[in-house]
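*Asks:* Following this line is start.cif, made up of mmCIF, C-alpha atoms:
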data_final
#
loop_
_atom_site.group_PDB
_atom_site.id
_atom_site.type_symbol
_atom_site.label_atom_id
_atom_site.label_comp_id
_atom_site.auth_asym_id
_atom_site.auth_seq_id
_atom_site.Cartn_x
_atom_site.Cartn_y
_atom_site.Cartn_z
ATOM 1 C CA LYS A 1499 -5.363 -2.645 -39.449
ATOM 2 C CA GLU A 1500 -1.649 -2.722 -38.603
ATOM 3 C CA ILE A 1501 -1.447 1.023 -37.947
ATOM 4 C CA LYS A 1502 -4.637 0.952 -35.860
ATOM 5 C CA ASN A 1503 -3.257 -1.926 -33.755
ATOM 6 C CA ILE A 1504 0.007 -0.096 -33.148
ATOM 7 C CA LYS A 1505 -1.776 3.161 -32.333
ATOM 8 C CA LYS A 1506 -3.821 1.336 -29.657
ATOM 9 C CA ILE A 1507 -0.580 0.074 -28.083
ATOM 10 C CA PHE A 1508 0.789 3.632 -27.957
ATOM 11 C CA ASP A 1509 -2.526 5.074 -26.700
ATOM 12 C CA ILE A 1510 -2.718 2.562 -23.826
ATOM 13 C CA ARG A 1511 0.724 3.741 -22.715
ATOM 14 C CA LYS A 1512 -0.290 7.389 -23.235
ATOM 15 C CA ILE A 1513 2.432 7.932 -25.843
ATOM 16 C CA LYS A 1514 1.575 10.598 -28.407
ATOM 17 C CA CYS A 1515 1.308 9.066 -31.847
ATOM 18 C CA ASP A 1516 0.391 10.792 -35.111
ATOM 19 C CA THR A 1517 -1.221 8.547 -37.705
ATOM 20 C CA PHE A 1518 -1.869 9.108 -41.361
ATOM 21 C CA LEU A 1519 -4.326 6.684 -42.905
ATOM 22 C CA LYS A 1520 -5.721 6.294 -46.412
ATOM 23 C CA SER A 1521 -5.488 9.580 -48.377
ATOM 24 C CA GLN A 1522 -3.447 11.190 -45.568
ATOM 25 C CA ALA A 1523 -0.721 8.573 -46.008
ATOM 26 C CA ASN A 1524 0.876 10.623 -48.758
ATOM 27 C CA THR A 1525 4.259 11.976 -49.798
ATOM 28 C CA GLU A 1526 3.529 15.471 -48.486
ATOM 29 C CA ASN A 1527 2.802 14.250 -44.940
ATOM 30 C CA LEU A 1528 5.801 11.919 -44.963
ATOM 31 C CA LYS A 1529 8.144 14.735 -46.003
ATOM 32 C CA LYS A 1530 6.795 16.920 -43.156
ATOM 33 C CA GLN A 1531 8.019 14.484 -40.496
ATOM 34 C CA LYS A 1532 10.891 16.021 -38.532
ATOM 35 C CA ASN A 1533 12.886 13.767 -36.238
ATOM 36 C CA PRO A 1534 10.092 11.510 -34.990
ATOM 37 C CA ALA A 1535 11.350 9.121 -32.318
ATOM 38 C CA ILE A 1536 9.742 6.281 -34.276
ATOM 39 C CA LEU A 1537 8.530 6.328 -37.861
ATOM 40 C CA HIS A 1538 6.405 3.335 -38.855
ATOM 41 C CA ILE A 1539 5.390 3.079 -42.498
ATOM 42 C CA ALA A 1540 2.951 0.340 -43.550
ATOM 43 C CA THR A 1541 2.538 0.507 -47.311
ATOM 44 C CA HIS A 1542 4.067 -0.998 -50.462
ATOM 45 C CA GLY A 1543 7.764 -0.941 -51.256
ATOM 46 C CA PHE A 1544 9.520 -1.259 -54.584
ATOM 47 C CA PHE A 1545 12.919 -1.809 -56.131
ATOM 48 C CA ARG A 1546 13.240 -1.916 -59.895
ATOM 49 C CA GLU A 1547 16.395 -3.534 -61.131
ATOM 50 C CA ASP A 1548 15.065 -4.117 -64.637
ATOM 51 C CA ILE A 1549 15.215 -0.560 -65.961
ATOM 52 C CA THR A 1550 17.329 -0.179 -69.068
ATOM 53 C CA ALA A 1551 19.041 2.847 -70.518
ATOM 54 C CA LYS A 1552 16.557 2.636 -73.402
ATOM 55 C CA GLU A 1553 13.732 3.613 -71.036
ATOM 56 C CA ASN A 1554 15.684 6.771 -70.154
ATOM 57 C CA LYS A 1555 16.966 7.716 -73.625
ATOM 58 C CA ASN A 1556 15.591 11.263 -73.355
ATOM 59 C CA ASN A 1557 17.051 11.900 -69.905
ATOM 60 C CA THR A 1558 20.456 13.555 -70.223
ATOM 61 C CA ASP A 1559 20.883 14.453 -66.536
ATOM 62 C CA GLU A 1560 22.848 11.459 -65.203
ATOM 63 C CA SER A 1561 22.119 12.285 -61.523
ATOM 64 C CA ASN A 1562 18.399 11.871 -62.207
ATOM 65 C CA ASN A 1563 18.722 9.075 -64.745
ATOM 66 C CA THR A 1564 16.650 6.226 -63.310
ATOM 67 C CA ALA A 1565 18.698 3.589 -65.102
ATOM 68 C CA VAL A 1566 21.897 4.896 -63.482
ATOM 69 C CA ASN A 1567 20.721 5.968 -60.025
ATOM 70 C CA PRO A 1568 19.396 3.093 -57.857
ATOM 71 C CA LEU A 1569 18.044 5.630 -55.330
ATOM 72 C CA LEU A 1570 15.454 6.580 -57.951
ATOM 73 C CA ARG A 1571 14.528 2.927 -58.521
ATOM 74 C CA SER A 1572 13.658 2.095 -54.907
ATOM 75 C CA GLY A 1573 11.188 3.509 -52.449
ATOM 76 C CA LEU A 1574 7.606 3.415 -51.242
ATOM 77 C CA ILE A 1575 4.224 3.671 -52.900
ATOM 78 C CA LEU A 1576 1.936 5.922 -50.875
ATOM 79 C CA SER A 1577 -1.686 7.054 -51.105
ATOM 80 C CA GLY A 1578 -2.885 8.010 -54.568
ATOM 81 C CA SER A 1579 -0.128 5.843 -56.109
ATOM 82 C CA GLU A 1580 2.473 8.482 -55.211
ATOM 83 C CA PHE A 1581 6.048 7.284 -55.406
ATOM 84 C CA PHE A 1582 8.420 8.291 -52.610
ATOM 85 C CA THR A 1583 11.910 7.400 -53.773
ATOM 86 C CA ALA A 1584 14.981 6.601 -51.741
ATOM 87 C CA TYR A 1585 16.496 9.720 -53.324
ATOM 88 C CA GLU A 1586 13.772 11.788 -51.606
ATOM 89 C CA ALA A 1587 14.187 9.859 -48.356
ATOM 90 C CA MET A 1588 17.830 10.990 -48.128
ATOM 91 C CA ASN A 1589 16.556 14.529 -47.557
ATOM 92 C CA MET A 1590 14.356 13.651 -44.587
ATOM 93 C CA ASP A 1591 15.264 15.023 -41.160
ATOM 94 C CA LEU A 1592 15.798 11.868 -39.087
ATOM 95 C CA ASP A 1593 18.871 12.767 -37.022
ATOM 96 C CA SER A 1594 17.077 12.015 -33.732
ATOM 97 C CA THR A 1595 14.976 9.132 -35.033
ATOM 98 C CA LEU A 1596 15.629 5.941 -33.112
ATOM 99 C CA LEU A 1597 13.675 3.621 -35.412
ATOM 100 C CA VAL A 1598 12.171 3.580 -38.882
ATOM 101 C CA THR A 1599 10.025 0.526 -39.524
ATOM 102 C CA LEU A 1600 9.356 -0.200 -43.184
ATOM 103 C CA SER A 1601 6.461 -2.606 -42.987
ATOM 104 C CA ALA A 1602 6.272 -3.307 -46.690
ATOM 105 C CA CYS A 1603 7.541 -5.789 -49.249
ATOM 106 C CA GLU A 1604 11.161 -5.680 -50.389
ATOM 107 C CA THR A 1605 12.138 -2.461 -48.592
ATOM 108 C CA GLY A 1606 15.626 -3.808 -47.889
ATOM 109 C CA LEU A 1607 16.456 -4.391 -51.547
ATOM 110 C CA GLY A 1608 18.759 -2.230 -53.597
ATOM 111 C CA GLU A 1609 21.696 -2.264 -55.934
ATOM 112 C CA ILE A 1610 24.850 -3.807 -54.515
ATOM 113 C CA ASN A 1611 28.051 -1.923 -55.321
ATOM 114 C CA ASN A 1612 31.219 -3.785 -54.352
ATOM 115 C CA GLY A 1613 33.059 -2.028 -51.575
ATOM 116 C CA GLU A 1614 30.216 0.455 -51.043
ATOM 117 C CA GLY A 1615 27.248 -1.630 -49.929
ATOM 118 C CA VAL A 1616 23.586 -1.546 -50.920
ATOM 119 C CA TYR A 1617 22.094 1.521 -52.585
ATOM 120 C CA GLY A 1618 18.406 1.609 -51.798
ATOM 121 C CA LEU A 1619 15.830 2.843 -49.332
ATOM 122 C CA GLN A 1620 17.696 1.595 -46.263
ATOM 123 C CA ARG A 1621 20.881 3.473 -47.247
ATOM 124 C CA ALA A 1622 18.882 6.652 -47.850
ATOM 125 C CA LEU A 1623 17.254 6.476 -44.403
ATOM 126 C CA ILE A 1624 20.576 5.863 -42.662
ATOM 127 C CA THR A 1625 21.994 8.850 -44.582
ATOM 128 C CA ALA A 1626 18.992 10.896 -43.389
ATOM 129 C CA GLY A 1627 19.956 10.010 -39.807
ATOM 130 C CA ALA A 1628 17.788 7.037 -38.782
ATOM 131 C CA GLY A 1629 19.407 5.041 -35.989
ATOM 132 C CA ASN A 1630 17.765 1.702 -36.795
ATOM 133 C CA ILE A 1631 15.667 0.362 -39.637
ATOM 134 C CA ILE A 1632 13.410 -2.666 -39.759
ATOM 135 C CA MET A 1633 12.964 -3.709 -43.390
ATOM 136 C CA SER A 1634 12.006 -6.694 -45.503
ATOM 137 C CA LEU A 1635 14.005 -8.647 -48.047
ATOM 138 C CA TRP A 1636 11.124 -10.224 -49.960
ATOM 139 C CA LYS A 1637 7.350 -10.084 -50.459
ATOM 140 C CA VAL A 1638 5.497 -10.492 -47.165
ATOM 141 C CA SER A 1639 2.003 -11.456 -46.040
ATOM 142 C CA ASP A 1640 -0.029 -8.452 -44.872
ATOM 143 C CA GLU A 1641 -1.833 -10.530 -42.249
ATOM 144 C CA VAL A 1642 1.281 -12.108 -40.730
ATOM 145 C CA THR A 1643 3.200 -8.819 -40.920
ATOM 146 C CA THR A 1644 0.413 -7.148 -38.936
ATOM 147 C CA GLU A 1645 0.836 -9.823 -36.246
ATOM 148 C CA LEU A 1646 4.630 -9.433 -36.249
ATOM 149 C CA MET A 1647 4.552 -5.654 -35.991
ATOM 150 C CA THR A 1648 1.846 -5.603 -33.330
ATOM 151 C CA SER A 1649 3.859 -8.045 -31.200
ATOM 152 C CA PHE A 1650 7.074 -6.125 -31.829
ATOM 153 C CA TYR A 1651 5.670 -2.834 -30.514
ATOM 154 C CA GLU A 1652 4.112 -4.557 -27.487
ATOM 155 C CA TYR A 1653 7.519 -5.953 -26.547
ATOM 156 C CA PHE A 1654 9.479 -2.858 -27.551
ATOM 157 C CA LEU A 1655 7.400 -0.423 -25.511
ATOM 158 C CA ASN A 1656 7.736 -2.718 -22.494
ATOM 159 C CA ASP A 1657 11.517 -3.079 -22.424
ATOM 160 C CA LYS A 1658 12.827 -0.427 -24.904
ATOM 161 C CA ASP A 1659 15.275 -2.873 -26.521
ATOM 162 C CA ILE A 1660 14.671 -2.960 -30.292
ATOM 163 C CA ARG A 1661 16.620 -6.123 -31.069
ATOM 164 C CA LYS A 1662 15.304 -8.087 -28.103
ATOM 165 C CA ALA A 1663 11.709 -7.051 -28.845
ATOM 166 C CA PHE A 1664 12.115 -7.919 -32.517
ATOM 167 C CA LYS A 1665 13.508 -11.375 -31.711
ATOM 168 C CA LYS A 1666 10.635 -12.066 -29.307
ATOM 169 C CA ALA A 1667 8.044 -10.980 -31.874
ATOM 170 C CA GLN A 1668 9.698 -13.006 -34.603
ATOM 171 C CA PHE A 1669 9.817 -16.076 -32.345
ATOM 172 C CA GLU A 1670 6.144 -15.615 -31.492
ATOM 173 C CA VAL A 1671 5.167 -15.474 -35.169
ATOM 174 C CA ARG A 1672 7.533 -18.332 -35.969
ATOM 175 C CA SER A 1673 5.753 -20.588 -33.466
ATOM 176 C CA LYS A 1674 2.496 -20.011 -35.355
ATOM 177 C CA TYR A 1675 3.844 -19.925 -38.923
ATOM 178 C CA LYS A 1676 6.709 -22.417 -39.339
ATOM 179 C CA ASP A 1677 7.780 -21.399 -42.854
ATOM 180 C CA PRO A 1678 10.510 -18.689 -42.812
ATOM 181 C CA LEU A 1679 8.660 -17.071 -45.707
ATOM 182 C CA TYR A 1680 6.367 -15.538 -43.073
ATOM 183 C CA TRP A 1681 8.782 -14.414 -40.369
ATOM 184 C CA GLY A 1682 12.229 -14.355 -41.939
ATOM 185 C CA ALA A 1683 11.814 -11.470 -44.409
ATOM 186 C CA PHE A 1684 12.280 -8.719 -41.844
ATOM 187 C CA VAL A 1685 15.741 -7.725 -40.620
ATOM 188 C CA ILE A 1686 17.178 -4.886 -38.532
ATOM 189 C CA LEU A 1687 19.896 -2.570 -39.722
ATOM 190 C CA GLY A 1688 21.408 0.002 -37.413
ATOM 191 C CA LEU A 1689 23.453 0.949 -34.424
#
With the file now loaded, output its structure as structure tokens.
*Replies:*
Amino acid sequence: KEIKNIKKIFDIRKIKCDTFLKSQANTENLKKQKNPAILHIATHGFFREDITAKENKNNTDESNNTAVNPLLRSGLILSGSEFFTAYEAMNMDLDSTLLVTLSACETGLGEINNGEGVYGLQRALITAGAGNIIMSLWKVSDEVTTELMTSFYEYFLNDKDIRKAFKKAQFEVRSKYKDPLYWGAFVILGL
């Protein structure tokens, strides 16, 4: 529903918008994206901080060891239960991408390394070149998130200011749902 709502907003303004729904919302199609102006992903996010070295006892390659590398423990779950890790996201071509919206639970989580920041999906997308990222810090309501994102794109396509549009959309949702649980999870990272 969220993607269909956003597509309507783009269609009304005659802005070309490719959509991948259901089985098309897969890793292969995501990896094919080259410098989209906006990349909106509405799916499920994950960050596993509970992996132990015991689970990886047979893995001798430290760069791919899930217990060691937080970029292999965070990412998105796409169609067909495919996992798209932050490690894979680093290799995307997003140098001209103004905005990546991660409309999913916990997409802003990662492993915090003192002096280096957070290692997770958001770091991978910035490394890949994304200018701005909208992401969530906890589990979110699908219904309320659909309202937030629909409002955000309405405002954003009107005045082209990401932060201003996001604040307006958040305020709109906040007036309807008072608990920050509904509107406070999403934050913007970027230029």
*Asks:* Write out as a Markdown table the residues of segment 1548-1658 of chain A that have any atom within 10 Å of an atom of segment 1500-1519 of chain A, one row each with the nearest atom pair and its distance in Å to one decimal, counting all atoms listed in the file, sorted by chain and then rising number.
*Replies:*
| residue | atom | partner | partner_atom | distance |
| --- | --- | --- | --- | --- |
| A:Ser1577 | CA | A:Leu1519 | CA | 8.6 |
| A:Ser1601 | CA | A:Glu1500 | CA | 9.2 |
| A:Asp1640 | CA | A:Glu1500 | CA | 8.6 |
| A:Glu1641 | CA | A:Glu1500 | CA | 8.6 |
| A:Thr1643 | CA | A:Glu1500 | CA | 8.1 |
| A:Thr1644 | CA | A:Glu1500 | CA | 4.9 |
| A:Glu1645 | CA | A:Glu1500 | CA | 7.9 |
| A:Leu1646 | CA | A:Glu1500 | CA | 9.5 |
| A:Met1647 | CA | A:Glu1500 | CA | 7.3 |
| A:Thr1648 | CA | A:Ile1504 | CA | 5.8 |
| A:Ser1649 | CA | A:Ile1504 | CA | 9.0 |
| A:Phe1650 | CA | A:Ile1504 | CA | 9.4 |
| A:Tyr1651 | CA | A:Ile1504 | CA | 6.8 |
| A:Glu1652 | CA | A:Ile1507 | CA | 6.6 |
| A:Leu1655 | CA | A:Phe1508 | CA | 8.1 |
| A:Asn1656 | CA | A:Arg1511 | CA | 9.5 |
*Asks:* Those residues you just picked out, can you put them in a file as an mmCIF file, in the coordinates of the input with C-alpha atoms?
*Replies:*
data_model
loop_
_atom_site.group_PDB
_atom_site.id
_atom_site.type_symbol
_atom_site.label_atom_id
_atom_site.label_comp_id
_atom_site.auth_asym_id
_atom_site.auth_seq_id
_atom_site.Cartn_x
_atom_site.Cartn_y
_atom_site.Cartn_z
ATOM 1 C CA SER A 1577 -1.686 7.054 -51.105
ATOM 2 C CA SER A 1601 6.461 -2.606 -42.987
ATOM 3 C CA ASP A 1640 -0.029 -8.452 -44.872
ATOM 4 C CA GLU A 1641 -1.833 -10.530 -42.249
ATOM 5 C CA THR A 1643 3.200 -8.819 -40.920
ATOM 6 C CA THR A 1644 0.413 -7.148 -38.936
ATOM 7 C CA GLU A 1645 0.836 -9.823 -36.246
ATOM 8 C CA LEU A 1646 4.630 -9.433 -36.249
ATOM 9 C CA MET A 1647 4.552 -5.654 -35.991
ATOM 10 C CA THR A 1648 1.846 -5.603 -33.330
ATOM 11 C CA SER A 1649 3.859 -8.045 -31.200
ATOM 12 C CA PHE A 1650 7.074 -6.125 -31.829
ATOM 13 C CA TYR A 1651 5.670 -2.834 -30.514
ATOM 14 C CA GLU A 1652 4.112 -4.557 -27.487
ATOM 15 C CA LEU A 1655 7.400 -0.423 -25.511
ATOM 16 C CA ASN A 1656 7.736 -2.718 -22.494
#
*Asks:* When the PyMOL selection byres ((chain A and resi 1659-1669) around 7) is applied to the file above, which residues end up in the set, as a list of chain:residue names?
*Replies:*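 Going through the file, the PyMOL selection byres ((chain A and resi 1659-1669) around 7) ends up selecting A:Leu1646, A:Ser1649, A:Phe1650, A:Tyr1653, A:Phe1654, A:Asp1657, A:Lys1658, A:Glu1670, A:Val1671, A:Arg1672, A:Ser1673, A:Trp1681.
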*Asks:* Please write as a list in words the full residue list that the PyMOL selection byres ((chain A and resi 1608-1625) around 7) yields on this file.
*Replies:*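 That expression, the PyMOL selection byres ((chain A and resi 1608-1625) around 7), corresponds here to Phe1545, Pro1568, Leu1569, Ser1572, Gly1573, Ala1584, Tyr1585, Ala1587, Met1588, Thr1605, Gly1606, Leu1607, Ala1626, Gly1627, Ala1628 and Gly1629 of chain A.
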*Asks:* What would the selection look like, as a ChimeraX atom specification, if the PyMOL selection byres ((chain A and resi 1604) around 9) were run on the coordinates I just shared?
*Replies:* /A:1542-1545,1602-1603,1605-1608,1633-1638,1683
*Asks:* In Å, with one decimal, what is the gap from atom CA of Leu1600 of chain A to atom CA of Leu1537 of chain A?
*Replies:*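 Between atom CA of Leu1600 of chain A and atom CA of Leu1537 of chain A the gap works out to 8.5 Å.
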*Asks:* Could you tell me which of A:Asp1593, A:Leu1689, A:Pro1534, A:Gly1578 comes closest to Lys1520 of chain A if we count all atoms listed in the file?
*Replies:* A:Gly1578
*Asks:* Got a sec: who's within 8 Å of segment 1579-1581 of chain A, counting only C-alpha atoms, leaving out chain neighbours fewer than 5 positions off, as a list in words?
*Replies:*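 Those residues are Asn1524, Thr1525, Gly1573 and Leu1574 of chain A.
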*Asks:* Using atom CA of Ile1539 of chain A and atom CA of Phe1582 of chain A as the two end points, give the distance in Å to one decimal.
*Replies:* 11.8 Å
*Asks:* Expressed in Å to a single decimal, how great is the separation between atom CA of Lys1676 of chain A and atom CA of Gly1688 of chain A?
*Replies:* 26.9 Å
*Asks:* Name the residues in contact with Ile1631 of chain A at a cut-off of 6 Å, using only C-alpha atoms, excluding same-chain residues fewer than 4 positions from it; report them as an NGL selection string.
*Replies:* :A and (1597-1599 or 1686-1687)
